[in-house]
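J.: Please find final-v3.tsv (TSV, C-alpha atoms) on the next line:
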```tsv
chain	number	residue	atom	x	y	z
A	167	MET	CA	0.00	0.00	0.00
A	168	LEU	CA	1.16	3.50	-0.80
A	169	SER	CA	0.83	5.98	2.04
A	170	PHE	CA	1.29	9.72	2.32
A	171	LYS	CA	1.61	12.21	5.14
A	172	SER	CA	-1.11	12.60	7.73
A	173	VAL	CA	0.26	15.87	9.16
A	174	VAL	CA	0.30	19.02	7.06
A	175	CYS	CA	3.49	21.08	7.28
A	176	ALA	CA	2.56	24.29	9.08
A	177	LEU	CA	3.31	27.32	6.88
A	178	GLY	CA	5.80	25.28	4.83
A	179	LEU	CA	8.66	27.48	6.05
A	180	GLY	CA	12.26	26.64	6.90
A	181	VAL	CA	15.47	28.60	7.27
A	182	LEU	CA	19.00	27.71	6.20
A	183	ALA	CA	21.09	28.42	9.27
A	184	ASP	CA	24.25	29.36	7.38
A	185	ALA	CA	22.68	31.79	4.92
A	186	GLN	CA	19.40	32.63	6.69
A	187	VAL	CA	17.51	31.94	3.47
A	188	PRO	CA	13.78	31.33	3.97
A	189	VAL	CA	12.05	28.65	1.90
A	190	SER	CA	8.26	28.67	1.73
A	191	LEU	CA	5.68	26.66	-0.17
A	192	GLY	CA	2.98	29.07	0.90
A	193	SER	CA	-0.54	27.70	0.58
A	194	ALA	CA	0.76	24.64	-1.31
A	195	SER	CA	2.03	23.18	1.97
A	196	ALA	CA	-1.57	22.19	2.76
A	197	TYR	CA	-1.48	19.53	0.00
A	198	ALA	CA	0.10	16.09	0.11
A	199	VAL	CA	-0.17	15.73	-3.67
A	200	PHE	CA	-0.52	18.63	-6.11
A	201	ALA	CA	-0.34	18.50	-9.90
A	202	SER	CA	-0.82	20.86	-12.79
A	203	SER	CA	-2.65	18.44	-15.07
A	204	ALA	CA	-3.36	14.99	-13.59
A	205	ILE	CA	-3.16	12.69	-10.57
A	206	THR	CA	-3.37	8.99	-11.40
A	207	ASN	CA	-3.65	6.25	-8.78
A	208	THR	CA	-3.66	2.46	-8.91
A	209	GLY	CA	-4.53	0.49	-5.78
A	210	GLU	CA	-5.30	1.26	-2.13
A	211	THR	CA	-3.29	4.44	-1.67
A	212	THR	CA	-3.90	6.40	1.53
A	213	ILE	CA	-3.31	10.17	1.41
A	214	GLY	CA	-3.62	11.87	4.80
A	215	ALA	CA	-4.11	15.41	3.47
A	216	LYS	CA	-5.66	17.28	0.54
A	217	ILE	CA	-4.88	16.83	-3.13
A	218	GLY	CA	-5.04	19.54	-5.76
A	219	ILE	CA	-4.89	20.19	-9.50
A	220	SER	CA	-4.43	23.69	-10.86
A	221	LYS	CA	-5.21	23.42	-14.59
A	222	GLY	CA	-6.52	19.97	-15.45
A	223	THR	CA	-9.36	18.00	-13.88
A	224	SER	CA	-8.06	14.44	-14.23
A	225	ILE	CA	-8.09	12.48	-10.96
A	226	THR	CA	-8.34	8.72	-11.43
A	227	GLY	CA	-8.12	5.75	-9.07
A	228	PHE	CA	-10.02	7.23	-6.10
A	229	PRO	CA	-11.45	4.90	-4.91
A	230	PRO	CA	-9.82	2.54	-4.14
A	231	GLY	CA	-7.36	5.28	-3.09
A	232	VAL	CA	-8.52	7.73	-0.41
A	233	TYR	CA	-7.70	11.33	0.51
A	234	THR	CA	-9.09	13.95	2.89
A	235	GLY	CA	-10.07	16.78	0.56
A	236	GLU	CA	-9.52	18.33	-2.85
A	237	ASP	CA	-9.15	21.58	-4.75
A	238	ILE	CA	-9.61	21.04	-8.47
A	239	ASN	CA	-9.06	23.89	-10.91
A	240	ASN	CA	-10.44	26.49	-8.50
A	241	ASP	CA	-9.19	29.69	-6.89
A	242	ALA	CA	-7.37	27.86	-4.09
A	243	SER	CA	-5.49	25.62	-6.50
A	244	THR	CA	-4.55	28.61	-8.66
A	245	VAL	CA	-3.00	30.35	-5.66
A	246	ALA	CA	-1.21	27.16	-4.61
A	247	ALA	CA	0.23	26.74	-8.12
A	248	ALA	CA	1.57	30.29	-8.04
A	249	ASP	CA	3.11	29.67	-4.61
A	250	LEU	CA	4.78	26.50	-5.89
A	251	LEU	CA	6.22	28.29	-8.91
A	252	ALA	CA	7.60	30.99	-6.63
A	253	ALA	CA	9.13	28.33	-4.35
A	254	TYR	CA	10.66	26.45	-7.29
A	255	ASN	CA	12.22	29.62	-8.68
A	256	ALA	CA	13.47	30.69	-5.26
A	257	ILE	CA	15.19	27.35	-4.74
A	258	ALA	CA	16.63	27.47	-8.27
A	259	ALA	CA	18.25	30.80	-7.46
A	260	LEU	CA	20.02	29.54	-4.34
A	261	PRO	CA	23.75	28.79	-4.75
A	262	ILE	CA	24.83	25.20	-4.22
A	263	THR	CA	27.07	24.77	-1.18
A	264	THR	CA	28.07	21.15	-1.90
A	265	ASP	CA	28.28	19.56	-5.36
A	266	LEU	CA	27.46	15.84	-5.17
A	267	THR	CA	27.42	15.19	-8.92
A	268	GLY	CA	28.35	11.58	-9.63
A	269	SER	CA	27.61	10.40	-6.08
A	270	ASP	CA	24.89	8.06	-4.91
A	271	LEU	CA	22.98	9.53	-1.99
A	272	GLY	CA	22.90	6.18	-0.24
A	273	GLY	CA	25.27	5.77	2.69
A	274	LEU	CA	25.72	9.52	3.19
A	275	THR	CA	25.04	11.51	6.36
A	276	LEU	CA	24.40	15.17	5.55
A	277	GLY	CA	23.76	18.27	7.63
A	278	PRO	CA	21.66	21.29	6.65
A	279	GLY	CA	22.74	22.84	3.36
A	280	ILE	CA	22.16	23.12	-0.37
A	281	TYR	CA	23.30	20.07	-2.33
A	282	GLY	CA	23.46	19.91	-6.11
A	283	PHE	CA	23.69	17.44	-8.99
A	284	THR	CA	24.27	18.74	-12.50
A	285	SER	CA	22.27	15.87	-14.02
A	286	SER	CA	20.57	12.72	-12.69
A	287	ALA	CA	21.06	11.14	-9.28
A	288	GLY	CA	20.02	8.04	-7.38
A	289	LEU	CA	19.48	6.82	-3.85
A	290	THR	CA	20.36	3.23	-2.98
A	291	GLY	CA	20.19	2.28	0.70
A	292	VAL	CA	19.90	4.86	3.47
A	293	LEU	CA	20.44	8.62	3.31
A	294	THR	CA	20.67	10.20	6.77
A	295	LEU	CA	19.77	13.86	7.21
A	296	ASP	CA	21.22	15.17	10.47
A	297	GLY	CA	19.44	18.16	11.97
A	298	GLN	CA	22.45	18.73	14.23
A	299	ASN	CA	20.30	18.93	17.35
A	300	SER	CA	17.94	21.56	15.99
A	301	THR	CA	15.49	22.35	18.78
A	302	ASP	CA	12.88	24.09	16.65
A	303	GLY	CA	12.97	21.81	13.61
A	304	ASP	CA	13.93	24.57	11.17
A	305	ALA	CA	17.20	23.01	9.93
A	306	THR	CA	16.74	23.07	6.16
A	307	PHE	CA	18.01	20.65	3.53
A	308	ILE	CA	17.78	21.47	-0.18
A	309	PHE	CA	18.67	19.06	-3.00
A	310	LYS	CA	18.80	20.33	-6.59
A	311	PHE	CA	18.89	17.92	-9.56
A	312	GLY	CA	19.51	18.94	-13.15
A	313	SER	CA	17.53	15.98	-14.43
A	314	THR	CA	16.01	12.93	-12.70
A	315	LEU	CA	15.91	11.55	-9.16
A	316	THR	CA	15.44	7.79	-8.75
A	317	THR	CA	15.38	5.72	-5.58
A	318	ALA	CA	16.11	2.00	-5.51
A	319	SER	CA	13.89	-0.59	-3.85
A	320	ALA	CA	13.75	-0.23	-0.05
A	321	ALA	CA	15.63	3.08	-0.09
A	322	VAL	CA	15.21	5.15	3.08
A	323	ILE	CA	15.61	8.82	3.96
A	324	LEU	CA	16.28	8.87	7.70
A	325	LEU	CA	15.84	12.05	9.74
A	326	THR	CA	17.89	12.44	12.92
A	327	ASN	CA	18.73	15.02	15.60
A	328	GLY	CA	15.79	17.31	15.01
A	329	ALA	CA	15.59	17.18	11.21
A	330	ASN	CA	12.04	17.86	10.03
A	331	ALA	CA	10.58	16.47	6.79
A	332	CYS	CA	8.71	19.72	6.21
A	333	ASN	CA	12.05	21.49	5.77
A	334	VAL	CA	13.54	19.07	3.26
A	335	TYR	CA	13.21	20.11	-0.40
A	336	TRP	CA	13.95	18.07	-3.54
A	337	GLN	CA	13.98	20.22	-6.67
A	338	VAL	CA	13.98	17.94	-9.72
A	339	GLY	CA	14.67	19.24	-13.23
A	340	SER	CA	12.54	16.55	-14.88
A	341	SER	CA	11.05	13.48	-13.16
A	342	ALA	CA	11.29	11.75	-9.78
A	343	THR	CA	10.67	8.02	-9.30
A	344	LEU	CA	10.37	6.27	-5.94
A	345	GLY	CA	11.27	2.59	-6.02
A	346	VAL	CA	9.33	-0.23	-4.35
A	347	GLU	CA	9.08	0.11	-0.54
A	348	THR	CA	10.96	3.43	-0.49
A	349	VAL	CA	10.50	5.46	2.70
A	350	PHE	CA	10.74	9.10	1.61
A	351	ASN	CA	10.82	12.36	3.53
A	352	GLY	CA	10.46	15.89	2.22
A	353	ASN	CA	8.83	18.04	-0.43
A	354	VAL	CA	9.43	16.98	-4.04
A	355	LEU	CA	9.07	19.75	-6.63
A	356	ALA	CA	9.47	18.22	-10.10
A	357	GLN	CA	9.21	19.95	-13.47
A	358	ALA	CA	7.66	16.95	-15.21
A	359	SER	CA	6.35	14.02	-13.17
A	360	ILE	CA	6.56	12.12	-9.91
A	361	THR	CA	5.94	8.37	-9.80
A	362	ALA	CA	5.62	6.42	-6.54
A	363	THR	CA	5.66	2.64	-6.86
A	364	THR	CA	4.31	-0.24	-4.77
A	365	GLY	CA	4.75	0.05	-1.02
A	366	SER	CA	6.53	3.41	-1.07
A	367	SER	CA	5.58	6.01	1.51
A	368	LEU	CA	5.93	9.73	2.02
A	369	VAL	CA	6.35	10.29	5.75
A	370	GLY	CA	6.27	14.08	5.62
A	371	GLY	CA	6.20	16.79	2.99
A	372	GLY	CA	4.41	16.60	-0.35
A	373	PHE	CA	4.56	15.76	-4.06
A	374	TYR	CA	4.29	18.69	-6.48
A	375	ALA	CA	4.61	18.21	-10.27
A	376	LEU	CA	2.99	18.49	-13.70
A	377	ASP	CA	1.71	14.91	-13.31
A	378	VAL	CA	1.73	12.58	-10.30
A	379	VAL	CA	1.39	8.79	-10.69
A	380	LEU	CA	0.78	6.53	-7.67
A	381	ARG	CA	1.22	2.83	-8.41
A	382	ASN	CA	0.27	0.35	-5.72
```
As structure tokens, how would this structure be written, given the file I've shared?

T.:
Amino acid sequence: MLSFKSVVCALGLGVLADAQVPVSLGSASAYAVFASSAITNTGETTIGAKIGISKGTSITGFPPGVYTGEDINNDASTVAAADLLAAYNAIAALPITTDLTGSDLGGLTLGPGIYGFTSSAGLTGVLTLDGQNSTDGDATFIFKFGSTLTTASAAVILLTNGANACNVYWQVGSSATLGVETVFNGNVLAQASITATTGSSLVGGGFYALDVVLRN
């Protein structure tokens, strides 16, 4: 079964401690899944927050999938789409502090910062995000990918020492794909599509893309 967050990220705001750069999803933080054109589901997916579509009206596979509310091509979804575009552009403008091009994210332990890949990247195994004993949960992690992000089967993003999924951002230049049984944390902002496969879960954050496909 696919499962998505049950707790909405309040305000969708985090701060990078080193540069004091705010990152905000604005009203879009209220959605677990938000697409421009279509959301497609197969199987018993559980979404513990709202879904939204800003331009299209295509939502398929609910039921058997379930969610708690929707905004489809209305004023609220239009505002959320504008907030997402602003967030994507703001993240794009941030300078990369650590270039990880050519590295697999698996096996790494990373502190707050802005990490970049000039093209595609993958995650095999466990990526640990260390909040470095943040007491207010605002330690912010930003990952920027020139092309695709792909996780292997049973990949895990582990949050430690005060790291908060609401303040983890994955900016993907094209498409993101979560492998079978992946445990994912953070907000994925993809230019093209996001695909979550059987048994994968989003513990916190949200999926935001042109198209979102949930395959159970």

J.: Would you compute an axis-aligned box for stretch 194-201 of chain A, covering every atom listed for it in the file with 6 Å of margin on each side, and report centre and edge lengths in Å to one decimal as JSON?

T.:
```
{"center_x": 0.2, "center_y": 20.2, "center_z": -3.6, "size_x": 15.6, "size_y": 20.9, "size_z": 24.7}
```

J.: Skipping near chain neighbours, those fewer than 2 positions away, what residues fall within 9 Å of A:Thr363 using only C-alpha atoms, listed as number ranges by chain?

T.: A: 168, 343-348, 361, 365-366, 379-382

J.: Just checking: using only C-alpha atoms, which residue out of A:Pro229, A:Gly218, A:Gly372, A:Pro278 ends up closest to A:Thr294?

T.: A:Pro278

J.: What's around A:Gly282 at 8 Å? Count all atoms listed in the file, leave out sequence neighbours fewer than 2 positions away in its own chain, and write the answer as a ChimeraX atom specification.

T.: /A:262-267,280,284,309-311

J.: Using all atoms listed in the file, what residues lie at most 10 Å away from (26.5, 12.9, 0.5) (file coordinates), given as a ChimeraX atom specification?

T.: /A:264-267,269-277,281,293-295

J.: Could you please take those selected residues and save C-alpha atoms as a compact mmCIF listing (two decimals), in the frame of the given file?

T.:
```txt
# COMPACT_ATOMS: atom_id res chain seq x y z
CA THR A 264 28.07 21.15 -1.90
CA ASP A 265 28.28 19.56 -5.36
CA LEU A 266 27.46 15.84 -5.17
CA THR A 267 27.42 15.19 -8.92
CA SER A 269 27.61 10.40 -6.08
CA ASP A 270 24.89 8.06 -4.91
CA LEU A 271 22.98 9.53 -1.99
CA GLY A 272 22.90 6.18 -0.24
CA GLY A 273 25.27 5.77 2.69
CA LEU A 274 25.72 9.52 3.19
CA THR A 275 25.04 11.51 6.36
CA LEU A 276 24.40 15.17 5.55
CA GLY A 277 23.76 18.27 7.63
CA TYR A 281 23.30 20.07 -2.33
CA LEU A 293 20.44 8.62 3.31
CA THR A 294 20.67 10.20 6.77
CA LEU A 295 19.77 13.86 7.21
```

J.: As a VMD selection string, please: the residues near stretch 243-252 of chain A (cut-off 8 Å, all atoms listed in the file, same-chain neighbours under 5 positions excluded).

T.: chain A and resid 191 to 194 202 218 to 221 237 to 238 374

J.: Which one of A:Ala258, A:Val232, A:Leu289, A:Ala356 sits closest to A:Thr316 if you count all atoms listed in the file?

T.: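 So, comparing all the options, the nearest one is A:Leu289.
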
J.: Between A:Ile213, A:Ile257, A:Ala287, A:Ala375, which residue has the minimum interatomic distance to A:Leu355, considering only C-alpha atoms?

T.: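 Among the listed residues, A:Ala375 lies closest to A:Leu355.
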
J.: Which of these residues is nearest to A:Asn255, using all atoms listed in the file: A:Pro230, A:Thr212, A:Ile225, A:Gly339?

T.: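 That would be A:Gly339, the residue with the smallest distance to A:Asn255.
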
J.: I need the residue nearest A:Leu325 from this list: A:Tyr233, A:Phe200, A:Phe307, A:Phe228. Use all atoms listed in the file for the distance.

T.: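 For A:Leu325, the nearest of the candidates is A:Phe307.
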
J.: Can you tell me how far atom CA of A:Asn333 sits from atom CA of A:Ser190, in Å to one decimal?

T.: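 According to the coordinates, atom CA of A:Asn333 and atom CA of A:Ser190 are separated by 9.1 Å.
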
J.: Give me, please, the distance in Å between atom CA of A:Ile360 and atom CA of A:Asn327, quoted to one decimal.

T.: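 Going from atom CA of A:Ile360 over to atom CA of A:Asn327, I get 28.4 Å.
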